Amino acid sequence: QVQLVESGGGWVQAGGSLRLSCAASGRTLSGYAMGWFRQAPGQERDFLAAISWSTGRTYYAHYADSVRGRFTISRDDARNTVYLQMNSLKSEDTGAYYCAAARTAVPGERPTRRHEYDYWGQGTQVTVSS
């Protein structure tokens, strides 16, 4: 079992930045691809970003079109933590942000679909005011 806890959410003005953290416990994140999703009120939980695991030093990231160039996903396996740096925030970025872990057989995989993820955090709220 992997337990995930997100933090770093809050209120920010449009154009501002936030950094979300996702701390894992119960098992090392090595061997897990990690992802971030967002759910706005009344809408589905949408993929934002994913980062692969690695046997060396090379990690691969993939982003949704809506956040590419503004958001950056990263991981620190020594700290068992994944981050989402969010810049140039827009009002449409408002929502609950969830991190998730996917056990993948091959390093380099970056799952983008919800059903590919095995574990989920409880979410952290981000509100962007225009």
# chains A, B, ... in the order shown; residues from 1 in each chain; ligands from 1

$ select_by_dssp --residues "stretch 40-75 of chain A" --states "strand (DSSP E)" --output "PyMOL selection string"
chain A and resi 45-51+61-63+71-75

$ residues_around --residues "stretch 23-34 of chain A" --least-positions-apart "6" --cutoff "6 Å" --atoms "only C-alpha atoms" --output "JSON, numbers by chain"
{"A": [1, 2, 3, 4, 5, 50, 51, 52, 53, 80, 81, 100, 101, 102, 103]}

$ residues_around --residues "A:Val82" --least-positions-apart "6" --cutoff "9 Å" --atoms "only C-alpha atoms" --output "JSON, numbers by chain"
{"A": [20, 21, 22, 23, 24, 34, 35, 73, 74, 75, 76, 99]}

$ write_last_selection --atoms "all heavy atoms" --output "compact mmCIF listing (two decimals), in the first residue's frame"
# COMPACT_ATOMS: atom_id res chain seq x y z
N LEU A 20 2.85 22.52 -5.41
CA LEU A 20 2.19 21.44 -4.68
C LEU A 20 3.21 20.34 -4.39
O LEU A 20 4.09 20.07 -5.20
CB LEU A 20 1.03 20.87 -5.49
CG LEU A 20 -0.03 21.86 -5.95
CD1 LEU A 20 -1.15 21.10 -6.67
CD2 LEU A 20 -0.58 22.67 -4.81
N SER A 21 3.02 19.70 -3.26
CA SER A 21 3.85 18.55 -2.88
C SER A 21 2.96 17.35 -2.65
O SER A 21 1.81 17.49 -2.22
CB SER A 21 4.65 18.85 -1.62
OG SER A 21 5.52 19.94 -1.79
N CYS A 22 3.51 16.19 -2.90
CA CYS A 22 2.80 14.94 -2.65
C CYS A 22 3.78 14.01 -1.93
O CYS A 22 4.74 13.54 -2.55
CB CYS A 22 2.32 14.32 -3.95
SG CYS A 22 1.61 12.68 -3.78
N ALA A 23 3.54 13.79 -0.66
CA ALA A 23 4.42 12.95 0.15
C ALA A 23 3.86 11.54 0.22
O ALA A 23 2.68 11.35 0.51
CB ALA A 23 4.56 13.53 1.54
N ALA A 24 4.72 10.57 -0.05
CA ALA A 24 4.30 9.17 -0.04
C ALA A 24 4.85 8.46 1.18
O ALA A 24 5.95 8.75 1.66
CB ALA A 24 4.78 8.48 -1.30
N MET A 34 4.28 8.68 -11.40
CA MET A 34 3.46 9.57 -10.58
C MET A 34 2.73 10.57 -11.46
O MET A 34 3.28 11.04 -12.47
CB MET A 34 4.33 10.32 -9.57
CG MET A 34 5.11 9.42 -8.63
SD MET A 34 4.01 8.41 -7.60
CE MET A 34 3.15 9.66 -6.65
N GLY A 35 1.53 10.90 -11.07
CA GLY A 35 0.74 11.82 -11.87
C GLY A 35 0.01 12.84 -11.01
O GLY A 35 -0.17 12.64 -9.80
N ILE A 73 6.32 19.06 -13.44
CA ILE A 73 6.29 17.96 -12.47
C ILE A 73 7.71 17.49 -12.22
O ILE A 73 8.54 17.45 -13.14
CB ILE A 73 5.39 16.81 -12.99
CG1 ILE A 73 5.20 15.75 -11.90
CG2 ILE A 73 5.95 16.20 -14.27
CD1 ILE A 73 4.15 14.69 -12.27
N SER A 74 7.99 17.15 -10.98
CA SER A 74 9.31 16.63 -10.63
C SER A 74 9.15 15.66 -9.47
O SER A 74 8.10 15.61 -8.82
CB SER A 74 10.28 17.77 -10.26
OG SER A 74 9.81 18.49 -9.14
N ARG A 75 10.21 14.90 -9.21
CA ARG A 75 10.15 13.94 -8.12
C ARG A 75 11.49 13.87 -7.42
O ARG A 75 12.55 14.08 -8.04
CB ARG A 75 9.73 12.56 -8.63
CG ARG A 75 10.68 11.94 -9.62
CD ARG A 75 10.04 10.68 -10.26
NE ARG A 75 9.87 9.61 -9.29
CZ ARG A 75 9.04 8.58 -9.47
NH1 ARG A 75 8.32 8.49 -10.58
NH2 ARG A 75 8.96 7.63 -8.54
N ASP A 76 11.45 13.55 -6.14
CA ASP A 76 12.65 13.34 -5.33
C ASP A 76 12.43 12.02 -4.62
O ASP A 76 11.80 11.97 -3.56
CB ASP A 76 12.82 14.50 -4.35
CG ASP A 76 14.09 14.38 -3.53
OD1 ASP A 76 14.65 13.28 -3.46
OD2 ASP A 76 14.51 15.40 -2.97
N CYS A 99 -2.69 13.87 -6.43
CA CYS A 99 -1.58 13.11 -6.96
C CYS A 99 -1.93 11.63 -6.93
O CYS A 99 -2.81 11.20 -6.16
CB CYS A 99 -0.28 13.38 -6.22
SG CYS A 99 -0.14 12.66 -4.60

$ closest_residue --among "A:Gln39, A:Ser66, A:Thr124, A:Thr55" --to "A:Lys90" --atoms "only C-alpha atoms"
A:Ser66

$ atom_distance --atom1 "atom CA of A:Gly123" --atom2 "atom CA of A:Arg79"
19.5 Å

$ residues_around --residues "stretch 40-48 of chain A" --least-positions-apart "6" --cutoff "8 Å" --atoms "only C-alpha atoms" --output "PyMOL selection string"
chain A and resi 63-64+66-67+94-96+112-114

$ closest_residue --among "A:Thr127, A:Ser91, A:Gln122, A:Gln85" --to "A:Glu6" --atoms "only C-alpha atoms"
A:Gln122

$ closest_residue --among "A:Arg110, A:His62, A:Arg38, A:Arg68" --to "A:Val126" --atoms "only C-alpha atoms"
A:Arg38

$ atom_distance --atom1 "atom CA of A:Gly121" --atom2 "atom CA of A:Tyr83"
13.2 Å

$ residues_around --residues "A:Val128" --least-positions-apart "2" --cutoff "12 Å" --atoms "only C-alpha atoms" --output "list in words"
Gly9, Gly10, Trp11, Val12, Gln13, Ala14, Gly15, Gly16, Ser17, Leu18, Ala40, Met86, Asn87, Ser88, Leu89, Lys90, Ser91, Glu92, Asp93, Thr94, Gly95, Ala96, Gln125, Val126 and Ser130 of chain A

$ write_last_selection --atoms "N, CA, C and O atoms" --output "short mmCIF file (atom, residue, chain, number, x, y, z; two decimals), in the first residue's frame"
data_model
loop_
_atom_site.label_atom_id
_atom_site.label_comp_id
_atom_site.auth_asym_id
_atom_site.auth_seq_id
_atom_site.Cartn_x
_atom_site.Cartn_y
_atom_site.Cartn_z
N GLY A 9 -1.65 23.62 -1.53
CA GLY A 9 -2.74 24.34 -2.17
C GLY A 9 -3.08 25.61 -1.41
O GLY A 9 -2.58 25.87 -0.32
N GLY A 10 -3.93 26.43 -2.02
CA GLY A 10 -4.35 27.67 -1.38
C GLY A 10 -4.95 28.61 -2.39
O GLY A 10 -5.36 28.21 -3.49
N TRP A 11 -4.98 29.86 -1.99
CA TRP A 11 -5.56 30.91 -2.84
C TRP A 11 -4.44 31.72 -3.45
O TRP A 11 -3.46 32.08 -2.77
N VAL A 12 -4.57 32.06 -4.72
CA VAL A 12 -3.56 32.85 -5.40
C VAL A 12 -4.23 33.69 -6.48
O VAL A 12 -5.27 33.30 -7.03
N GLN A 13 -3.66 34.83 -6.75
CA GLN A 13 -4.19 35.68 -7.82
C GLN A 13 -3.74 35.16 -9.18
O GLN A 13 -2.68 34.53 -9.30
N ALA A 14 -4.52 35.44 -10.18
CA ALA A 14 -4.16 35.04 -11.54
C ALA A 14 -2.79 35.59 -11.88
O ALA A 14 -2.47 36.73 -11.56
N GLY A 15 -1.99 34.75 -12.52
CA GLY A 15 -0.62 35.12 -12.85
C GLY A 15 0.39 34.69 -11.82
O GLY A 15 1.61 34.73 -12.08
N GLY A 16 -0.09 34.28 -10.67
CA GLY A 16 0.79 33.85 -9.60
C GLY A 16 1.24 32.41 -9.74
O GLY A 16 0.94 31.74 -10.73
N SER A 17 1.95 31.95 -8.69
CA SER A 17 2.53 30.60 -8.70
C SER A 17 2.23 29.89 -7.40
O SER A 17 2.05 30.51 -6.36
N LEU A 18 2.19 28.58 -7.49
CA LEU A 18 2.10 27.70 -6.32
C LEU A 18 2.92 26.46 -6.60
O LEU A 18 3.07 26.06 -7.76
N ALA A 40 -12.39 20.13 -11.20
CA ALA A 40 -13.16 21.33 -10.93
C ALA A 40 -14.57 20.91 -10.49
O ALA A 40 -15.03 19.80 -10.82
N MET A 86 3.51 25.24 -10.36
CA MET A 86 2.49 25.84 -11.21
C MET A 86 2.74 27.33 -11.34
O MET A 86 2.73 28.06 -10.33
N ASN A 87 3.00 27.78 -12.53
CA ASN A 87 3.25 29.20 -12.80
C ASN A 87 2.18 29.76 -13.73
O ASN A 87 1.45 29.01 -14.39
N SER A 88 2.11 31.08 -13.79
CA SER A 88 1.15 31.75 -14.68
C SER A 88 -0.25 31.18 -14.50
O SER A 88 -0.94 30.86 -15.47
N LEU A 89 -0.67 31.08 -13.27
CA LEU A 89 -1.96 30.46 -12.98
C LEU A 89 -3.11 31.28 -13.53
O LEU A 89 -3.07 32.52 -13.56
N LYS A 90 -4.14 30.56 -13.96
CA LYS A 90 -5.34 31.17 -14.52
C LYS A 90 -6.54 30.77 -13.67
O LYS A 90 -6.50 29.78 -12.94
N SER A 91 -7.62 31.49 -13.82
CA SER A 91 -8.82 31.19 -13.04
C SER A 91 -9.33 29.78 -13.35
O SER A 91 -9.85 29.09 -12.48
N GLU A 92 -9.12 29.33 -14.57
CA GLU A 92 -9.58 27.98 -14.95
C GLU A 92 -8.72 26.87 -14.35
O GLU A 92 -9.03 25.69 -14.50
N ASP A 93 -7.64 27.23 -13.67
CA ASP A 93 -6.83 26.25 -12.96
C ASP A 93 -7.42 25.92 -11.58
O ASP A 93 -6.92 25.04 -10.88
N THR A 94 -8.46 26.62 -11.20
CA THR A 94 -9.11 26.37 -9.92
C THR A 94 -9.68 24.97 -9.85
O THR A 94 -10.30 24.50 -10.81
N GLY A 95 -9.45 24.30 -8.72
CA GLY A 95 -9.98 22.97 -8.53
C GLY A 95 -9.24 22.23 -7.44
O GLY A 95 -8.32 22.78 -6.82
N ALA A 96 -9.66 20.99 -7.23
CA ALA A 96 -8.97 20.11 -6.30
C ALA A 96 -7.89 19.36 -7.07
O ALA A 96 -8.16 18.81 -8.14
N GLN A 125 -6.90 21.81 -2.37
CA GLN A 125 -7.67 22.79 -3.14
C GLN A 125 -6.79 23.95 -3.59
O GLN A 125 -6.01 24.51 -2.81
N VAL A 126 -6.95 24.31 -4.84
CA VAL A 126 -6.29 25.50 -5.40
C VAL A 126 -7.37 26.42 -5.93
O VAL A 126 -8.23 25.99 -6.72
N SER A 130 -9.31 35.88 -10.28
CA SER A 130 -9.02 36.83 -11.36
C SER A 130 -9.36 38.25 -10.93
O SER A 130 -9.13 39.19 -11.67
#

$ atom_distance --atom1 "atom CA of A:Arg70" --atom2 "atom CA of A:Val106"
27.5 Å

$ select_by_dssp --residues "chain A" --states "helix (DSSP H, G or I)" --output "list in words"
Ser91, Glu92, Asp93, Arg114, His115 and Glu116 of chain A

$ write_last_selection --atoms "N, CA, C and O atoms" --output "mmCIF file, in the first residue's frame"
data_model
loop_
_atom_site.group_PDB
_atom_site.id
_atom_site.type_symbol
_atom_site.label_atom_id
_atom_site.label_comp_id
_atom_site.auth_asym_id
_atom_site.auth_seq_id
_atom_site.Cartn_x
_atom_site.Cartn_y
_atom_site.Cartn_z
ATOM 1 N N SER A 91 -7.618 31.494 -13.821
ATOM 2 C CA SER A 91 -8.817 31.186 -13.039
ATOM 3 C C SER A 91 -9.326 29.779 -13.351
ATOM 4 O O SER A 91 -9.849 29.090 -12.478
ATOM 5 N N GLU A 92 -9.124 29.332 -14.574
ATOM 6 C CA GLU A 92 -9.577 27.980 -14.945
ATOM 7 C C GLU A 92 -8.723 26.872 -14.347
ATOM 8 O O GLU A 92 -9.032 25.693 -14.503
ATOM 9 N N ASP A 93 -7.638 27.235 -13.669
ATOM 10 C CA ASP A 93 -6.833 26.246 -12.955
ATOM 11 C C ASP A 93 -7.422 25.920 -11.584
ATOM 12 O O ASP A 93 -6.917 25.037 -10.883
ATOM 13 N N ARG A 114 -6.976 7.845 -15.691
ATOM 14 C CA ARG A 114 -7.223 7.624 -14.265
ATOM 15 C C ARG A 114 -7.149 6.151 -13.880
ATOM 16 O O ARG A 114 -6.597 5.803 -12.834
ATOM 17 N N HIS A 115 -7.679 5.289 -14.703
ATOM 18 C CA HIS A 115 -7.751 3.879 -14.330
ATOM 19 C C HIS A 115 -6.377 3.211 -14.321
ATOM 20 O O HIS A 115 -6.229 2.106 -13.815
ATOM 21 N N GLU A 116 -5.384 3.887 -14.846
ATOM 22 C CA GLU A 116 -4.035 3.328 -14.837
ATOM 23 C C GLU A 116 -3.330 3.536 -13.501
ATOM 24 O O GLU A 116 -2.268 2.967 -13.274
#

$ decode --residues "stretch 89-124 of chain A" --atoms "N, CA and C atoms" --output "PDB file, in the first residue's frame"
ATOM      1  N   LEU A  89      -0.668  31.078 -13.271  1.00  0.00           N
ATOM      2  CA  LEU A  89      -1.957  30.457 -12.976  1.00  0.00           C
ATOM      3  C   LEU A  89      -3.107  31.281 -13.527  1.00  0.00           C
ATOM      4  N   LYS A  90      -4.142  30.564 -13.962  1.00  0.00           N
ATOM      5  CA  LYS A  90      -5.339  31.167 -14.525  1.00  0.00           C
ATOM      6  C   LYS A  90      -6.540  30.768 -13.674  1.00  0.00           C
ATOM      7  N   SER A  91      -7.618  31.494 -13.821  1.00  0.00           N
ATOM      8  CA  SER A  91      -8.817  31.186 -13.039  1.00  0.00           C
ATOM      9  C   SER A  91      -9.326  29.779 -13.351  1.00  0.00           C
ATOM     10  N   GLU A  92      -9.124  29.332 -14.574  1.00  0.00           N
ATOM     11  CA  GLU A  92      -9.577  27.980 -14.945  1.00  0.00           C
ATOM     12  C   GLU A  92      -8.723  26.872 -14.347  1.00  0.00           C
ATOM     13  N   ASP A  93      -7.638  27.235 -13.669  1.00  0.00           N
ATOM     14  CA  ASP A  93      -6.833  26.246 -12.955  1.00  0.00           C
ATOM     15  C   ASP A  93      -7.422  25.920 -11.584  1.00  0.00           C
ATOM     16  N   THR A  94      -8.463  26.617 -11.201  1.00  0.00           N
ATOM     17  CA  THR A  94      -9.109  26.375  -9.918  1.00  0.00           C
ATOM     18  C   THR A  94      -9.681  24.965  -9.850  1.00  0.00           C
ATOM     19  N   GLY A  95      -9.449  24.304  -8.720  1.00  0.00           N
ATOM     20  CA  GLY A  95      -9.981  22.966  -8.533  1.00  0.00           C
ATOM     21  C   GLY A  95      -9.243  22.234  -7.442  1.00  0.00           C
ATOM     22  N   ALA A  96      -9.663  20.986  -7.231  1.00  0.00           N
ATOM     23  CA  ALA A  96      -8.968  20.107  -6.298  1.00  0.00           C
ATOM     24  C   ALA A  96      -7.885  19.355  -7.066  1.00  0.00           C
ATOM     25  N   TYR A  97      -6.697  19.347  -6.522  1.00  0.00           N
ATOM     26  CA  TYR A  97      -5.557  18.713  -7.183  1.00  0.00           C
ATOM     27  C   TYR A  97      -5.202  17.425  -6.451  1.00  0.00           C
ATOM     28  N   TYR A  98      -5.067  16.369  -7.242  1.00  0.00           N
ATOM     29  CA  TYR A  98      -4.791  15.043  -6.690  1.00  0.00           C
ATOM     30  C   TYR A  98      -3.501  14.483  -7.272  1.00  0.00           C
ATOM     31  N   CYS A  99      -2.693  13.871  -6.429  1.00  0.00           N
ATOM     32  CA  CYS A  99      -1.580  13.107  -6.963  1.00  0.00           C
ATOM     33  C   CYS A  99      -1.933  11.635  -6.926  1.00  0.00           C
ATOM     34  N   ALA A 100      -1.270  10.874  -7.763  1.00  0.00           N
ATOM     35  CA  ALA A 100      -1.567   9.459  -7.887  1.00  0.00           C
ATOM     36  C   ALA A 100      -0.307   8.696  -8.259  1.00  0.00           C
ATOM     37  N   ALA A 101      -0.297   7.419  -7.902  1.00  0.00           N
ATOM     38  CA  ALA A 101       0.849   6.553  -8.170  1.00  0.00           C
ATOM     39  C   ALA A 101       0.401   5.360  -9.004  1.00  0.00           C
ATOM     40  N   ALA A 102       1.193   5.041 -10.012  1.00  0.00           N
ATOM     41  CA  ALA A 102       0.894   3.917 -10.895  1.00  0.00           C
ATOM     42  C   ALA A 102       2.082   2.981 -10.946  1.00  0.00           C
ATOM     43  N   ARG A 103       1.833   1.724 -10.597  1.00  0.00           N
ATOM     44  CA  ARG A 103       2.886   0.727 -10.695  1.00  0.00           C
ATOM     45  C   ARG A 103       3.022   0.340 -12.160  1.00  0.00           C
ATOM     46  N   THR A 104       4.146   0.696 -12.792  1.00  0.00           N
ATOM     47  CA  THR A 104       4.344   0.389 -14.204  1.00  0.00           C
ATOM     48  C   THR A 104       5.511  -0.573 -14.362  1.00  0.00           C
ATOM     49  N   ALA A 105       5.385  -1.436 -15.333  1.00  0.00           N
ATOM     50  CA  ALA A 105       6.387  -2.477 -15.526  1.00  0.00           C
ATOM     51  C   ALA A 105       7.663  -1.938 -16.155  1.00  0.00           C
ATOM     52  N   VAL A 106       7.509  -0.897 -16.928  1.00  0.00           N
ATOM     53  CA  VAL A 106       8.637  -0.390 -17.710  1.00  0.00           C
ATOM     54  C   VAL A 106       8.977   1.021 -17.263  1.00  0.00           C
ATOM     55  N   PRO A 107      10.237   1.295 -16.961  1.00  0.00           N
ATOM     56  CA  PRO A 107      10.606   2.687 -16.645  1.00  0.00           C
ATOM     57  C   PRO A 107      10.408   3.538 -17.881  1.00  0.00           C
ATOM     58  N   GLY A 108       9.990   4.768 -17.688  1.00  0.00           N
ATOM     59  CA  GLY A 108       9.743   5.649 -18.818  1.00  0.00           C
ATOM     60  C   GLY A 108       8.272   5.832 -19.128  1.00  0.00           C
ATOM     61  N   GLU A 109       7.432   4.909 -18.634  1.00  0.00           N
ATOM     62  CA  GLU A 109       5.994   5.063 -18.883  1.00  0.00           C
ATOM     63  C   GLU A 109       5.429   6.244 -18.098  1.00  0.00           C
ATOM     64  N   ARG A 110       4.479   6.928 -18.723  1.00  0.00           N
ATOM     65  CA  ARG A 110       3.839   8.087 -18.091  1.00  0.00           C
ATOM     66  C   ARG A 110       2.336   7.973 -18.328  1.00  0.00           C
ATOM     67  N   PRO A 111       1.657   7.264 -17.458  1.00  0.00           N
ATOM     68  CA  PRO A 111       0.213   7.051 -17.657  1.00  0.00           C
ATOM     69  C   PRO A 111      -0.562   8.365 -17.634  1.00  0.00           C
ATOM     70  N   THR A 112      -1.587   8.429 -18.450  1.00  0.00           N
ATOM     71  CA  THR A 112      -2.402   9.640 -18.519  1.00  0.00           C
ATOM     72  C   THR A 112      -3.861   9.399 -18.156  1.00  0.00           C
ATOM     73  N   ARG A 113      -4.257   8.152 -17.979  1.00  0.00           N
ATOM     74  CA  ARG A 113      -5.664   7.846 -17.714  1.00  0.00           C
ATOM     75  C   ARG A 113      -5.868   7.450 -16.258  1.00  0.00           C
ATOM     76  N   ARG A 114      -6.976   7.845 -15.691  1.00  0.00           N
ATOM     77  CA  ARG A 114      -7.223   7.624 -14.265  1.00  0.00           C
ATOM     78  C   ARG A 114      -7.149   6.151 -13.880  1.00  0.00           C
ATOM     79  N   HIS A 115      -7.679   5.289 -14.703  1.00  0.00           N
ATOM     80  CA  HIS A 115      -7.751   3.879 -14.330  1.00  0.00           C
ATOM     81  C   HIS A 115      -6.377   3.211 -14.321  1.00  0.00           C
ATOM     82  N   GLU A 116      -5.384   3.887 -14.846  1.00  0.00           N
ATOM     83  CA  GLU A 116      -4.035   3.328 -14.837  1.00  0.00           C
ATOM     84  C   GLU A 116      -3.330   3.536 -13.501  1.00  0.00           C
ATOM     85  N   TYR A 117      -3.912   4.344 -12.645  1.00  0.00           N
ATOM     86  CA  TYR A 117      -3.288   4.662 -11.367  1.00  0.00           C
ATOM     87  C   TYR A 117      -3.854   3.794 -10.248  1.00  0.00           C
ATOM     88  N   ASP A 118      -2.958   3.390  -9.368  1.00  0.00           N
ATOM     89  CA  ASP A 118      -3.324   2.444  -8.315  1.00  0.00           C
ATOM     90  C   ASP A 118      -3.654   3.114  -6.988  1.00  0.00           C
ATOM     91  N   TYR A 119      -3.013   4.230  -6.713  1.00  0.00           N
ATOM     92  CA  TYR A 119      -3.194   4.895  -5.424  1.00  0.00           C
ATOM     93  C   TYR A 119      -3.423   6.382  -5.650  1.00  0.00           C
ATOM     94  N   TRP A 120      -4.245   6.960  -4.777  1.00  0.00           N
ATOM     95  CA  TRP A 120      -4.623   8.368  -4.884  1.00  0.00           C
ATOM     96  C   TRP A 120      -4.521   9.049  -3.526  1.00  0.00           C
ATOM     97  N   GLY A 121      -4.172  10.335  -3.565  1.00  0.00           N
ATOM     98  CA  GLY A 121      -4.242  11.146  -2.375  1.00  0.00           C
ATOM     99  C   GLY A 121      -5.640  11.705  -2.184  1.00  0.00           C
ATOM    100  N   GLN A 122      -5.809  12.482  -1.112  1.00  0.00           N
ATOM    101  CA  GLN A 122      -7.113  13.053  -0.783  1.00  0.00           C
ATOM    102  C   GLN A 122      -7.356  14.385  -1.466  1.00  0.00           C
ATOM    103  N   GLY A 123      -6.317  14.970  -2.014  1.00  0.00           N
ATOM    104  CA  GLY A 123      -6.471  16.211  -2.761  1.00  0.00           C
ATOM    105  C   GLY A 123      -6.161  17.450  -1.950  1.00  0.00           C
ATOM    106  N   THR A 124      -5.793  18.497  -2.651  1.00  0.00           N
ATOM    107  CA  THR A 124      -5.574  19.813  -2.055  1.00  0.00           C
ATOM    108  C   THR A 124      -6.221  20.848  -2.960  1.00  0.00           C
TER     109      THR A 124
END
